[in-house]
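**Student:** Following this message is one structure expressed as structure tokens.
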Amino acid sequence: MLLSPPFLPVPQPGETDDQFIPRAMAAGQPGAGAFPISFELNWHGGLHLTAPQDDQNTPLAVRAMADGTVVFLRSPTQQNADMKHPLNYLGGWSDDGCVVIRHETEVGIQQAAGVATSVVFYSIYQHLNAVDPGLQQGSAIYRKDRIGTAGQIYGAANKIHFEIICDDANVEHLTGRNTTYNHITADGRTDAVFGTLYFLLLLNTQFFANDPLAATAPPQVVYTNSQEAHFVGMQFVKGDCVMETRHLDGRTLGTPVREAKYEYKLYSEAARLYPHGPSAGLELLRFGRVLGPDALNPPNSPLWRKVPTPTGQGWVNLNAPNVRKFSDADFPMWDGWWMLVDGSASVDSRCREFAILDLLVQRDDKQQNTAKGLLNLTPQQAQQALADPAIQAKLSRKICKFPTHWDASTIDSRFGWLRTDPRYRMTQTDFARFKAHVTALCFWQQANLGLGTTPWHFHPTAFLSQFRKCCWLSQKELAQCIPRRQLSLVHANFVAGAVANWQTALARSTSWKTPINLAARKYLVSSTPQRWMHFLAQVLAESGFFHFVKEIGGENASYAPYFGRGLIQLTHEGNYRFYGNYRQFLLSHPNPAPPFTALGWSPNDLIATSNTVFNPDNCADSATFFWTCAQLNAIHTDGLEVSDTGAALHDVVQASKLTNGNVSVQNINGLEVRIENFFFLKYVLLDFLPPQNNAENVTFEWRDSSDKTVPAPTPANPNRMVFGHANHTINIPLNPQRP
């Protein structure tokens, strides 16, 4: 699931989503374009955003937030000076250009059934003053594609209304539930798992002073949560692991415990703590539970982690019986995510949802108002409360079901109160003008989205922030990662050649989507798009763009039968033995026939016999394990750590050394392919916009020719082959991979 804001300023080096998204999505003021309530406590389904400006002080274009289909398009009415025109209202013009996009993507897979968890949602871009002429209703559109330009809202320029909605079935696919609060009597969803991991610790859970596995004597209890249950959150952040303890209402308890670079040493920790099942042990460290096929041995192995307590810090077993496990994919209520249905919405357009109004009422007013069964607010009270950043943050995590305000057929019932409320008492003429204005902006009947008139609404910024943690790539998103064309060094010149057309790319992504997503999720590769970019740049080069899982001519290699297999090709007996021990293949598939009798398991059977007969899950798992296991590569650096350093040329060169051996630059095989993949993926996976000519000039060091110089053999390296050294400047093709 790849998402971007509707405005795309140039990302800054080291910028996090918590910094980039607010910069890209400057939101409207409370009471005038906020979510989920705005003027006079009216339900408001989206946000009014202001277009950022580029370095030439030009407002940025509006762009599609994700791949999808244009299901409604309305070109804007040309602005005029007639103050009686329906779009001239409240002292200024409001543009009526509008585009609605239907997005269908994936957030994970039901592993037992092998069925993708598909989701459908819609994004609305209203108040455009221009719609790009290339857009057509019913046509495909892709993430970051230009939609048009921001227009006016009541005379205020460079603004849009941005909204995200879905139906009943898909709110459950997106959030994992269809009730206000999470069910906590069992673990959360396993089809989608991303972001922070959460553990519900029931009453009387004990916390110990020292790591019980390391203690030489029975550890001392430092705290017992006998008064209330707690949630513990585990988050991996650029190598570090951050542990946080919360009360049931979400308030944090104590100071978070941060362990530096813990994420980069998950394998070594798994091998140390779970020697009889390190692959399952790694999943326990990663997810707090085992989601894959490998078995934890023993099954009740503990997961001891140091966490905050009211008295300081303590060790607790997060895999003890009755501990419930969740992730951000569950949209946890203790993190502020509630699903709310306004049962009184049919009365009029104003919010009567108690959970929302409760946030706005002052503490000293609550007892009196609650006793009446209704929270009454004056406009002044509401406006003051809505201006509070803490309340805005809480409101942003309310997923609300209420009538759309783009439905012209319900204007009288929704806004009739304007004619009777003592503060307004609109005359028939005034109400008719108001109704004409609202009608001019409505589109619900014309769009015919099939959502009824009461869809679910997400806060757009919160939706993006949450789901950008889920980097599960759909079939079409993975296909877009395979380039159309590339340059290859032939002798001393670069020659352009075709890689894959759309049909080929889609067919390959169909085969590899599930295995590589599951492996990338397990090993934290898919935690960020930048990690995906580094990893796929190498995998695509190693596998011939998902075409090869067996080394060509490997049977004739000096190291046969332990030639390359898998998406990042595992070679040599020592590496096979290392991976087999990690996966416990000796227990699950013992007694292989020659030539693998000494190894104890058959790489032919468990990884790849040929490029048509192979185990896709193990091909992907072995590749991702190699990438994230410092013990298996020549430079003893974790691929995640290399990926986190940056997205520049020297970073991909370092990643290429990690994959291809810690050799001099000119001896890195296929470096030009790895670099081209990297820059191609930069524009597919990250928020950068490609150059207008769909190409980028890159200068890099490498070999001077594809021809090898073979010096006289030496005892230390009788087969050594040497390349000359040169600098190259190439124009990398960035033509997008699309139908």
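Ordering of the structure tokens sets the chain letters (A, B, ...), residue numbers begin anew at 1 in every chain, and ligands are numbered from 1 in the order given.
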Output as a PyMOL selection string all residues of region 170-328 of chain A that backbone DSSP marks as helix (DSSP H, G or I).

**Tutor:** chain A and resi 170-175+263-273+278-287+328

**Student:** Go ahead and save the picked residues with N, CA and C atoms, as a short mmCIF file (atom, residue, chain, number, x, y, z; two decimals), in the first residue's frame.

**Tutor:**
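For reference, selection20.cif as written:
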data_model
loop_
_atom_site.label_atom_id
_atom_site.label_comp_id
_atom_site.auth_asym_id
_atom_site.auth_seq_id
_atom_site.Cartn_x
_atom_site.Cartn_y
_atom_site.Cartn_z
N ASN A 170 -15.29 -2.25 3.74
CA ASN A 170 -13.88 -1.89 3.64
C ASN A 170 -13.34 -1.18 4.86
N VAL A 171 -14.21 -0.59 5.68
CA VAL A 171 -13.68 -0.05 6.94
C VAL A 171 -13.19 -1.20 7.81
N GLU A 172 -13.84 -2.36 7.69
CA GLU A 172 -13.38 -3.53 8.43
C GLU A 172 -12.09 -4.08 7.84
N HIS A 173 -11.96 -4.10 6.51
CA HIS A 173 -10.72 -4.55 5.89
C HIS A 173 -9.55 -3.62 6.22
N LEU A 174 -9.85 -2.33 6.33
CA LEU A 174 -8.81 -1.36 6.61
C LEU A 174 -8.37 -1.39 8.07
N THR A 175 -9.32 -1.52 8.99
CA THR A 175 -9.01 -1.39 10.41
C THR A 175 -9.02 -2.71 11.17
N GLU A 263 17.31 -3.47 16.61
CA GLU A 263 16.67 -3.94 15.38
C GLU A 263 17.68 -4.57 14.43
N TYR A 264 18.91 -4.06 14.43
CA TYR A 264 19.93 -4.56 13.52
C TYR A 264 20.54 -5.89 13.97
N LYS A 265 20.23 -6.31 15.17
CA LYS A 265 20.82 -7.56 15.67
C LYS A 265 19.75 -8.58 16.04
N LEU A 266 18.61 -8.55 15.34
CA LEU A 266 17.54 -9.49 15.65
C LEU A 266 18.00 -10.93 15.45
N TYR A 267 18.76 -11.18 14.36
CA TYR A 267 19.18 -12.56 14.16
C TYR A 267 20.09 -13.04 15.28
N SER A 268 21.09 -12.24 15.65
CA SER A 268 22.02 -12.69 16.69
C SER A 268 21.29 -12.91 18.01
N GLU A 269 20.29 -12.06 18.30
CA GLU A 269 19.49 -12.26 19.51
C GLU A 269 18.65 -13.52 19.40
N ALA A 270 18.08 -13.77 18.22
CA ALA A 270 17.27 -14.98 18.04
C ALA A 270 18.12 -16.23 18.18
N ALA A 271 19.33 -16.20 17.63
CA ALA A 271 20.22 -17.36 17.73
C ALA A 271 20.66 -17.59 19.17
N ARG A 272 20.84 -16.50 19.92
CA ARG A 272 21.26 -16.62 21.33
C ARG A 272 20.13 -17.12 22.22
N LEU A 273 18.93 -16.56 22.01
CA LEU A 273 17.82 -16.85 22.92
C LEU A 273 17.04 -18.09 22.53
N PRO A 278 15.71 -20.68 15.77
CA PRO A 278 16.02 -19.25 15.62
C PRO A 278 15.13 -18.50 14.64
N SER A 279 14.64 -19.16 13.58
CA SER A 279 13.77 -18.47 12.63
C SER A 279 12.46 -18.07 13.30
N ALA A 280 11.85 -19.01 14.03
CA ALA A 280 10.63 -18.68 14.78
C ALA A 280 10.96 -17.71 15.90
N GLY A 281 12.14 -17.86 16.50
CA GLY A 281 12.55 -16.93 17.56
C GLY A 281 12.68 -15.51 17.05
N LEU A 282 13.20 -15.36 15.82
CA LEU A 282 13.29 -14.02 15.25
C LEU A 282 11.89 -13.42 15.08
N GLU A 283 10.93 -14.24 14.65
CA GLU A 283 9.55 -13.72 14.53
C GLU A 283 9.00 -13.33 15.90
N LEU A 284 9.33 -14.08 16.93
CA LEU A 284 8.87 -13.72 18.27
C LEU A 284 9.45 -12.37 18.68
N LEU A 285 10.73 -12.16 18.42
CA LEU A 285 11.34 -10.86 18.72
C LEU A 285 10.76 -9.75 17.86
N ARG A 286 10.39 -10.09 16.63
CA ARG A 286 9.90 -9.08 15.67
C ARG A 286 8.44 -8.75 15.89
N PHE A 287 7.58 -9.77 16.04
CA PHE A 287 6.13 -9.56 16.12
C PHE A 287 5.54 -9.80 17.50
N ASP A 328 -0.33 -1.71 15.03
CA ASP A 328 -1.01 -0.52 14.51
C ASP A 328 -2.05 -0.89 13.46
#

**Student:** With DSSP run on the backbone, what are the strand (DSSP E or B) residues within region 135-203 of chain A? I'd like them as a list in words.

**Tutor:**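 Matching residues, listed in order: Ala140, Ile141, Arg146, Ile147, Gly148, Thr149, Ala150, Gly151, Gln152, Ile153, Ala156, Ala157, Asn158, Lys159, Ile160, His161, Phe162, Glu163, Ile164, Ile165, Cys166, Leu197, Tyr198, Phe199, Leu200 and Leu201 of chain A.
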
**Student:** Mind writing the picked residues with C-alpha atoms as an mmCIF file, in the first residue's frame?

**Tutor:**
data_model
loop_
_atom_site.group_PDB
_atom_site.id
_atom_site.type_symbol
_atom_site.label_atom_id
_atom_site.label_comp_id
_atom_site.auth_asym_id
_atom_site.auth_seq_id
_atom_site.Cartn_x
_atom_site.Cartn_y
_atom_site.Cartn_z
ATOM 1 C CA ALA A 140 -6.436 4.696 -14.580
ATOM 2 C CA ILE A 141 -4.412 7.127 -12.518
ATOM 3 C CA ARG A 146 -1.007 15.314 -11.533
ATOM 4 C CA ILE A 147 -4.742 15.967 -11.041
ATOM 5 C CA GLY A 148 -4.967 19.736 -11.338
ATOM 6 C CA THR A 149 -4.411 22.903 -9.317
ATOM 7 C CA ALA A 150 -5.837 24.121 -6.028
ATOM 8 C CA GLY A 151 -8.552 26.760 -6.255
ATOM 9 C CA GLN A 152 -10.509 29.078 -3.999
ATOM 10 C CA ILE A 153 -12.705 28.416 -0.988
ATOM 11 C CA ALA A 156 -9.167 32.127 -0.103
ATOM 12 C CA ALA A 157 -6.743 30.995 -2.814
ATOM 13 C CA ASN A 158 -4.662 27.831 -3.296
ATOM 14 C CA LYS A 159 -6.900 25.553 -1.269
ATOM 15 C CA ILE A 160 -8.622 22.215 -1.700
ATOM 16 C CA HIS A 161 -11.010 20.074 0.286
ATOM 17 C CA PHE A 162 -9.378 16.638 0.630
ATOM 18 C CA GLU A 163 -11.421 13.678 1.864
ATOM 19 C CA ILE A 164 -11.018 9.896 2.312
ATOM 20 C CA ILE A 165 -14.075 7.632 2.567
ATOM 21 C CA CYS A 166 -15.097 3.976 2.331
ATOM 22 C CA LEU A 197 3.426 -3.878 18.308
ATOM 23 C CA TYR A 198 1.224 -3.877 21.424
ATOM 24 C CA PHE A 199 0.904 -6.347 24.306
ATOM 25 C CA LEU A 200 -2.015 -6.365 26.737
ATOM 26 C CA LEU A 201 -0.773 -7.388 30.186
#

**Student:** Near Asp95 (chain A), counting only C-alpha atoms, which residues have an atom at most 8 Å away, once you skip same-chain residues fewer than 4 positions from it, shown as number ranges by chain?

**Tutor:** A: 76-77, 79, 87, 127-129, 151-153

**Student:** Would you pick out the contacts of region 689-705 of chain A at 10 Å or less, using only C-alpha atoms, so that residues sharing its chain but fewer than 4 positions from it are not included, and give the list as a compact mmCIF listing (two decimals) with C-alpha atoms, in the first residue's frame?

**Tutor:**
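The resulting file, selection-v1.txt, is reproduced below:
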# COMPACT_ATOMS: atom_id res chain seq x y z
CA LEU A 8 4.47 16.84 -2.88
CA PRO A 9 7.15 19.26 -1.75
CA VAL A 10 10.69 17.97 -2.29
CA PRO A 11 11.58 15.57 0.56
CA LYS A 144 1.78 11.15 -7.67
CA ASP A 145 0.09 11.74 -11.05
CA LEU A 489 28.02 -2.09 -20.06
CA VAL A 490 29.08 -4.06 -23.16
CA HIS A 491 32.83 -3.95 -23.70
CA ALA A 492 33.54 -0.25 -23.05
CA ASN A 493 30.14 1.21 -23.98
CA PHE A 494 26.67 1.35 -22.42
CA LEU A 649 24.73 7.15 -4.81
CA HIS A 650 27.31 6.20 -2.19
CA VAL A 653 27.33 1.39 -3.73
CA SER A 664 36.79 -2.89 -4.80
CA VAL A 665 34.24 -0.87 -6.72
CA GLN A 666 35.34 -2.05 -10.16
CA ASN A 667 34.89 -5.69 -9.11
CA ILE A 668 31.24 -5.35 -8.03
CA ASN A 669 29.33 -7.45 -10.55
CA GLY A 670 26.41 -5.71 -12.21
CA LEU A 671 26.93 -2.41 -10.41
CA GLU A 672 25.36 -0.49 -13.27
CA ILE A 675 22.52 1.71 -9.49
CA GLU A 676 19.90 1.99 -12.23
CA PHE A 679 17.35 5.43 -9.02
CA PHE A 680 14.37 3.93 -10.84
CA LYS A 682 13.53 6.13 -5.93
CA TYR A 683 10.72 7.56 -8.06
CA VAL A 684 8.47 4.52 -7.69
CA THR A 709 41.95 -8.95 -17.37
CA VAL A 722 40.64 -8.08 -12.53
CA PHE A 723 38.83 -5.18 -14.20
CA GLY A 724 40.18 -1.79 -15.10
CA HIS A 725 38.84 1.33 -13.38
CA ALA A 726 36.87 4.25 -14.87
CA ASN A 727 34.26 6.93 -14.19
CA HIS A 728 30.99 6.73 -16.13
CA THR A 729 28.14 9.18 -16.69
CA ILE A 730 24.91 7.56 -17.85
CA ASN A 731 21.41 8.82 -18.49
CA ILE A 732 19.25 6.37 -16.52
CA PRO A 733 15.85 5.65 -18.15
CA LEU A 734 12.98 6.27 -15.71
CA ASN A 735 10.06 5.41 -17.99
CA PRO A 736 7.33 4.22 -15.60

**Student:** Which value, in Å to one decimal, gives the distance between CA of Ala390 (chain A) and CA of Leu3 (chain A)?

**Tutor:**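 Straight-line distance from CA of Ala390 (chain A) to CA of Leu3 (chain A) works out to 25.6 Å.
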
**Student:** Excluding region 394-407 of chain A and any residue of its chain fewer than 3 positions from it, enumerate the residues within 8 Å of it, using only C-alpha atoms, and give them as an mmCIF file with C-alpha atoms, in the first residue's frame.

**Tutor:**
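As a result, out39.cif now contains:
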data_model
loop_
_atom_site.group_PDB
_atom_site.id
_atom_site.type_symbol
_atom_site.label_atom_id
_atom_site.label_comp_id
_atom_site.auth_asym_id
_atom_site.auth_seq_id
_atom_site.Cartn_x
_atom_site.Cartn_y
_atom_site.Cartn_z
ATOM 1 C CA PHE A 35 -12.195 17.164 10.641
ATOM 2 C CA PRO A 36 -14.610 15.688 11.689
ATOM 3 C CA TRP A 43 -20.019 17.163 10.398
ATOM 4 C CA HIS A 44 -17.166 17.798 7.981
ATOM 5 C CA GLY A 45 -15.752 14.823 6.127
ATOM 6 C CA GLY A 336 -6.937 6.927 20.283
ATOM 7 C CA TRP A 337 -8.572 5.114 17.341
ATOM 8 C CA TRP A 338 -12.349 4.886 17.812
ATOM 9 C CA MET A 339 -15.013 4.041 15.253
ATOM 10 C CA LEU A 340 -18.063 6.242 15.753
ATOM 11 C CA VAL A 341 -21.510 6.224 14.176
ATOM 12 C CA ASP A 342 -23.687 9.293 14.697
ATOM 13 C CA ALA A 345 -27.240 12.222 12.082
ATOM 14 C CA SER A 346 -30.615 12.027 10.328
ATOM 15 C CA SER A 349 -26.073 18.189 9.774
ATOM 16 C CA ILE A 356 -16.755 13.736 20.129
ATOM 17 C CA ALA A 390 -4.292 18.126 21.929
ATOM 18 C CA ILE A 391 -7.997 17.966 21.054
ATOM 19 C CA THR A 410 -30.697 15.978 1.660
ATOM 20 C CA ILE A 411 -29.890 19.679 1.933
ATOM 21 C CA LEU A 441 -20.740 21.961 -5.046
ATOM 22 C CA CYS A 442 -22.569 18.640 -4.636
ATOM 23 C CA PHE A 443 -21.797 15.657 -6.860
ATOM 24 C CA TRP A 444 -22.974 12.547 -4.973
ATOM 25 C CA GLN A 445 -25.784 11.551 -7.329
ATOM 26 C CA THR A 453 -25.343 8.305 1.577
ATOM 27 C CA THR A 454 -23.549 7.592 4.866
ATOM 28 C CA PRO A 455 -19.931 6.544 4.245
ATOM 29 C CA TRP A 456 -17.118 6.190 6.744
ATOM 30 C CA HIS A 457 -14.729 9.148 6.930
ATOM 31 C CA PHE A 458 -11.032 9.124 7.902
ATOM 32 C CA HIS A 459 -8.981 12.139 8.920
ATOM 33 C CA THR A 461 -3.534 13.230 7.529
ATOM 34 C CA ALA A 462 -4.013 10.534 10.159
#

**Student:** Using only C-alpha atoms, which protein or nucleic acid residues come within 12 Å of region 577-587 of chain A? Drop anything in the same chain fewer than 3 positions from it, and give the result as a VMD selection string.

**Tutor:** chain A and resid 267 to 268 270 to 272 274 to 283 292 to 297 562 566 570 to 574 590 to 592 596 to 603 605 to 607 618 to 619 621 to 626 629 631 to 633

**Student:** Restricted to C-alpha atoms, what would the selected residues look like written as a PDB file, in the first residue's frame?

**Tutor:**
ATOM      1  CA  TYR A 267      19.184 -12.562  14.155  1.00  0.00           C
ATOM      2  CA  SER A 268      22.016 -12.691  16.688  1.00  0.00           C
ATOM      3  CA  ALA A 270      17.269 -14.978  18.036  1.00  0.00           C
ATOM      4  CA  ALA A 271      20.221 -17.357  17.730  1.00  0.00           C
ATOM      5  CA  ARG A 272      21.265 -16.622  21.328  1.00  0.00           C
ATOM      6  CA  TYR A 274      16.161 -19.507  20.743  1.00  0.00           C
ATOM      7  CA  PRO A 275      18.941 -21.825  19.506  1.00  0.00           C
ATOM      8  CA  HIS A 276      16.496 -24.670  18.809  1.00  0.00           C
ATOM      9  CA  GLY A 277      14.314 -22.540  16.540  1.00  0.00           C
ATOM     10  CA  PRO A 278      16.018 -19.249  15.625  1.00  0.00           C
ATOM     11  CA  SER A 279      13.772 -18.471  12.634  1.00  0.00           C
ATOM     12  CA  ALA A 280      10.634 -18.682  14.779  1.00  0.00           C
ATOM     13  CA  GLY A 281      12.547 -16.933  17.556  1.00  0.00           C
ATOM     14  CA  LEU A 282      13.288 -14.024  15.245  1.00  0.00           C
ATOM     15  CA  GLU A 283       9.554 -13.723  14.535  1.00  0.00           C
ATOM     16  CA  GLY A 292       5.225 -18.004   9.721  1.00  0.00           C
ATOM     17  CA  PRO A 293       5.597 -21.760   9.205  1.00  0.00           C
ATOM     18  CA  ASP A 294       8.597 -22.358  11.486  1.00  0.00           C
ATOM     19  CA  ALA A 295       8.023 -23.703  14.990  1.00  0.00           C
ATOM     20  CA  LEU A 296       9.156 -22.143  18.245  1.00  0.00           C
ATOM     21  CA  ASN A 297      11.003 -24.683  20.373  1.00  0.00           C
ATOM     22  CA  TYR A 562      26.476 -25.296  -3.627  1.00  0.00           C
ATOM     23  CA  GLY A 566      17.268 -17.896  -4.207  1.00  0.00           C
ATOM     24  CA  LEU A 570      23.033 -18.132  -1.587  1.00  0.00           C
ATOM     25  CA  THR A 571      26.344 -19.781  -2.511  1.00  0.00           C
ATOM     26  CA  HIS A 572      28.967 -22.059  -0.905  1.00  0.00           C
ATOM     27  CA  GLU A 573      28.436 -24.873   1.533  1.00  0.00           C
ATOM     28  CA  GLY A 574      29.120 -22.783   4.645  1.00  0.00           C
ATOM     29  CA  PRO A 590      16.514 -34.807   6.959  1.00  0.00           C
ATOM     30  CA  ASN A 591      18.404 -37.529   5.104  1.00  0.00           C
ATOM     31  CA  PRO A 592      18.806 -36.034   1.617  1.00  0.00           C
ATOM     32  CA  PHE A 596      23.766 -33.169  -0.139  1.00  0.00           C
ATOM     33  CA  THR A 597      24.191 -35.983   2.373  1.00  0.00           C
ATOM     34  CA  ALA A 598      26.880 -34.119   4.301  1.00  0.00           C
ATOM     35  CA  LEU A 599      24.751 -30.962   4.467  1.00  0.00           C
ATOM     36  CA  GLY A 600      21.785 -32.876   5.854  1.00  0.00           C
ATOM     37  CA  TRP A 601      19.114 -31.236   3.679  1.00  0.00           C
ATOM     38  CA  SER A 602      18.649 -30.618  -0.029  1.00  0.00           C
ATOM     39  CA  PRO A 603      18.903 -27.051  -1.404  1.00  0.00           C
ATOM     40  CA  ASP A 605      14.251 -29.488  -2.766  1.00  0.00           C
ATOM     41  CA  LEU A 606      13.965 -26.618  -0.301  1.00  0.00           C
ATOM     42  CA  ILE A 607      15.174 -23.652  -2.373  1.00  0.00           C
ATOM     43  CA  ASN A 618      12.285 -20.100   0.808  1.00  0.00           C
ATOM     44  CA  CYS A 619      13.785 -18.266  -2.177  1.00  0.00           C
ATOM     45  CA  ASP A 621      13.176 -15.841   2.886  1.00  0.00           C
ATOM     46  CA  SER A 622      16.789 -16.840   2.213  1.00  0.00           C
ATOM     47  CA  ALA A 623      17.357 -13.625   0.246  1.00  0.00           C
ATOM     48  CA  THR A 624      15.919 -11.409   2.953  1.00  0.00           C
ATOM     49  CA  PHE A 625      17.740 -13.324   5.675  1.00  0.00           C
ATOM     50  CA  PHE A 626      21.009 -12.814   3.788  1.00  0.00           C
ATOM     51  CA  CYS A 629      22.168 -10.975   8.621  1.00  0.00           C
ATOM     52  CA  GLN A 631      27.131 -12.906   9.732  1.00  0.00           C
ATOM     53  CA  LEU A 632      26.493 -13.944   6.119  1.00  0.00           C
ATOM     54  CA  ASN A 633      27.959 -10.999   4.226  1.00  0.00           C
TER      55      ASN A 633
END

**Student:** Which is closest to Thr514 (chain A) among A:Asp707, A:Asp240, A:Asp412, A:Glu106, if we use only C-alpha atoms?

**Tutor:**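 Smallest separation from Thr514 (chain A) among the options: A:Glu106.
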
**Student:** Kindly give the distance, in Å, that separates CA of Trp315 (chain A) and CA of Glu244 (chain A), rounded to a single decimal.

**Tutor:** 12.3 Å

**Student:** I'd like the contact shell of region 433-435 of chain A - 12 Å cut-off, only C-alpha atoms, skipping same-chain residues fewer than 4 positions apart - returned as an MDAnalysis selection string.

**Tutor:** chainID A and resid 83:90 405:416 418:419 426:429 439:442

**Student:** Write to file, as an mmCIF file, in the first residue's frame, the residues of the selection just made, with N, CA and C atoms.

**Tutor:**
data_model
loop_
_atom_site.group_PDB
_atom_site.id
_atom_site.type_symbol
_atom_site.label_atom_id
_atom_site.label_comp_id
_atom_site.auth_asym_id
_atom_site.auth_seq_id
_atom_site.Cartn_x
_atom_site.Cartn_y
_atom_site.Cartn_z
ATOM 1 N N MET A 83 -22.255 38.487 -8.250
ATOM 2 C CA MET A 83 -22.329 38.131 -6.842
ATOM 3 C C MET A 83 -23.563 37.309 -6.514
ATOM 4 N N LYS A 84 -24.460 37.140 -7.477
ATOM 5 C CA LYS A 84 -25.617 36.269 -7.265
ATOM 6 C C LYS A 84 -25.358 34.848 -7.768
ATOM 7 N N HIS A 85 -24.194 34.648 -8.355
ATOM 8 C CA HIS A 85 -23.857 33.300 -8.817
ATOM 9 C C HIS A 85 -23.740 32.372 -7.611
ATOM 10 N N PRO A 86 -24.222 31.138 -7.707
ATOM 11 C CA PRO A 86 -24.170 30.229 -6.553
ATOM 12 C C PRO A 86 -22.770 30.006 -5.984
ATOM 13 N N LEU A 87 -21.743 30.120 -6.822
ATOM 14 C CA LEU A 87 -20.389 29.896 -6.325
ATOM 15 C C LEU A 87 -19.772 31.150 -5.724
ATOM 16 N N ASN A 88 -20.436 32.300 -5.853
ATOM 17 C CA ASN A 88 -20.039 33.510 -5.142
ATOM 18 C C ASN A 88 -20.866 33.586 -3.870
ATOM 19 N N TYR A 89 -20.282 33.185 -2.768
ATOM 20 C CA TYR A 89 -21.039 33.094 -1.520
ATOM 21 C C TYR A 89 -20.102 33.383 -0.357
ATOM 22 N N LEU A 90 -20.657 33.959 0.706
ATOM 23 C CA LEU A 90 -19.878 34.359 1.882
ATOM 24 C C LEU A 90 -18.712 35.267 1.507
ATOM 25 N N HIS A 405 -21.765 15.398 2.910
ATOM 26 C CA HIS A 405 -22.328 16.735 2.639
ATOM 27 C C HIS A 405 -22.271 17.070 1.153
ATOM 28 N N TRP A 406 -22.003 16.055 0.308
ATOM 29 C CA TRP A 406 -22.036 16.278 -1.149
ATOM 30 C C TRP A 406 -23.325 15.762 -1.779
ATOM 31 N N ASP A 407 -24.330 15.480 -0.943
ATOM 32 C CA ASP A 407 -25.616 14.944 -1.409
ATOM 33 C C ASP A 407 -26.636 16.083 -1.501
ATOM 34 N N ALA A 408 -26.990 16.459 -2.721
ATOM 35 C CA ALA A 408 -27.922 17.580 -2.914
ATOM 36 C C ALA A 408 -29.335 17.235 -2.474
ATOM 37 N N SER A 409 -29.690 15.959 -2.429
ATOM 38 C CA SER A 409 -31.076 15.573 -2.121
ATOM 39 C C SER A 409 -31.423 15.722 -0.646
ATOM 40 N N THR A 410 -30.423 15.913 0.221
ATOM 41 C CA THR A 410 -30.697 15.978 1.660
ATOM 42 C C THR A 410 -30.401 17.350 2.254
ATOM 43 N N ILE A 411 -30.246 18.346 1.423
ATOM 44 C CA ILE A 411 -29.890 19.679 1.933
ATOM 45 C C ILE A 411 -30.959 20.217 2.870
ATOM 46 N N ASP A 412 -32.220 20.072 2.504
ATOM 47 C CA ASP A 412 -33.295 20.615 3.353
ATOM 48 C C ASP A 412 -33.289 19.961 4.727
ATOM 49 N N SER A 413 -33.172 18.645 4.775
ATOM 50 C CA SER A 413 -33.217 17.968 6.072
ATOM 51 C C SER A 413 -31.962 18.221 6.890
ATOM 52 N N ARG A 414 -30.826 18.354 6.221
ATOM 53 C CA ARG A 414 -29.579 18.540 6.964
ATOM 54 C C ARG A 414 -29.392 19.966 7.448
ATOM 55 N N PHE A 415 -29.861 20.927 6.677
ATOM 56 C CA PHE A 415 -29.582 22.329 7.010
ATOM 57 C C PHE A 415 -30.833 23.154 7.302
ATOM 58 N N GLY A 416 -31.978 22.483 7.431
ATOM 59 C CA GLY A 416 -33.195 23.229 7.738
ATOM 60 C C GLY A 416 -33.125 24.002 9.041
ATOM 61 N N LEU A 418 -31.043 26.028 9.951
ATOM 62 C CA LEU A 418 -30.611 27.415 9.730
ATOM 63 C C LEU A 418 -31.793 28.376 9.640
ATOM 64 N N ARG A 419 -32.976 27.847 9.349
ATOM 65 C CA ARG A 419 -34.165 28.702 9.222
ATOM 66 C C ARG A 419 -34.858 28.901 10.559
ATOM 67 N N MET A 426 -32.662 32.168 8.900
ATOM 68 C CA MET A 426 -32.580 32.530 7.494
ATOM 69 C C MET A 426 -33.974 32.712 6.910
ATOM 70 N N THR A 427 -34.107 33.731 6.111
ATOM 71 C CA THR A 427 -35.365 33.914 5.384
ATOM 72 C C THR A 427 -35.431 32.881 4.261
ATOM 73 N N GLN A 428 -36.592 32.752 3.667
ATOM 74 C CA GLN A 428 -36.744 31.806 2.566
ATOM 75 C C GLN A 428 -35.783 32.146 1.430
ATOM 76 N N THR A 429 -35.613 33.464 1.196
ATOM 77 C CA THR A 429 -34.709 33.896 0.126
ATOM 78 C C THR A 429 -33.269 33.553 0.459
ATOM 79 N N THR A 439 -25.739 23.175 -3.467
ATOM 80 C CA THR A 439 -26.073 22.310 -4.600
ATOM 81 C C THR A 439 -25.015 22.401 -5.697
ATOM 82 N N ALA A 440 -24.494 23.607 -5.907
ATOM 83 C CA ALA A 440 -23.489 23.798 -6.956
ATOM 84 C C ALA A 440 -22.211 23.003 -6.675
ATOM 85 N N LEU A 441 -21.941 22.712 -5.405
ATOM 86 C CA LEU A 441 -20.740 21.961 -5.046
ATOM 87 C C LEU A 441 -20.991 20.464 -4.945
ATOM 88 N N CYS A 442 -22.249 20.060 -4.827
ATOM 89 C CA CYS A 442 -22.569 18.640 -4.636
ATOM 90 C C CYS A 442 -22.307 17.838 -5.915
#

**Student:** Which distance in Å separates CA of Ala382 (chain A) and CA of Asp358 (chain A), to one decimal?

**Tutor:**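 According to the coordinates, CA of Ala382 (chain A) and CA of Asp358 (chain A) are separated by 10.8 Å.
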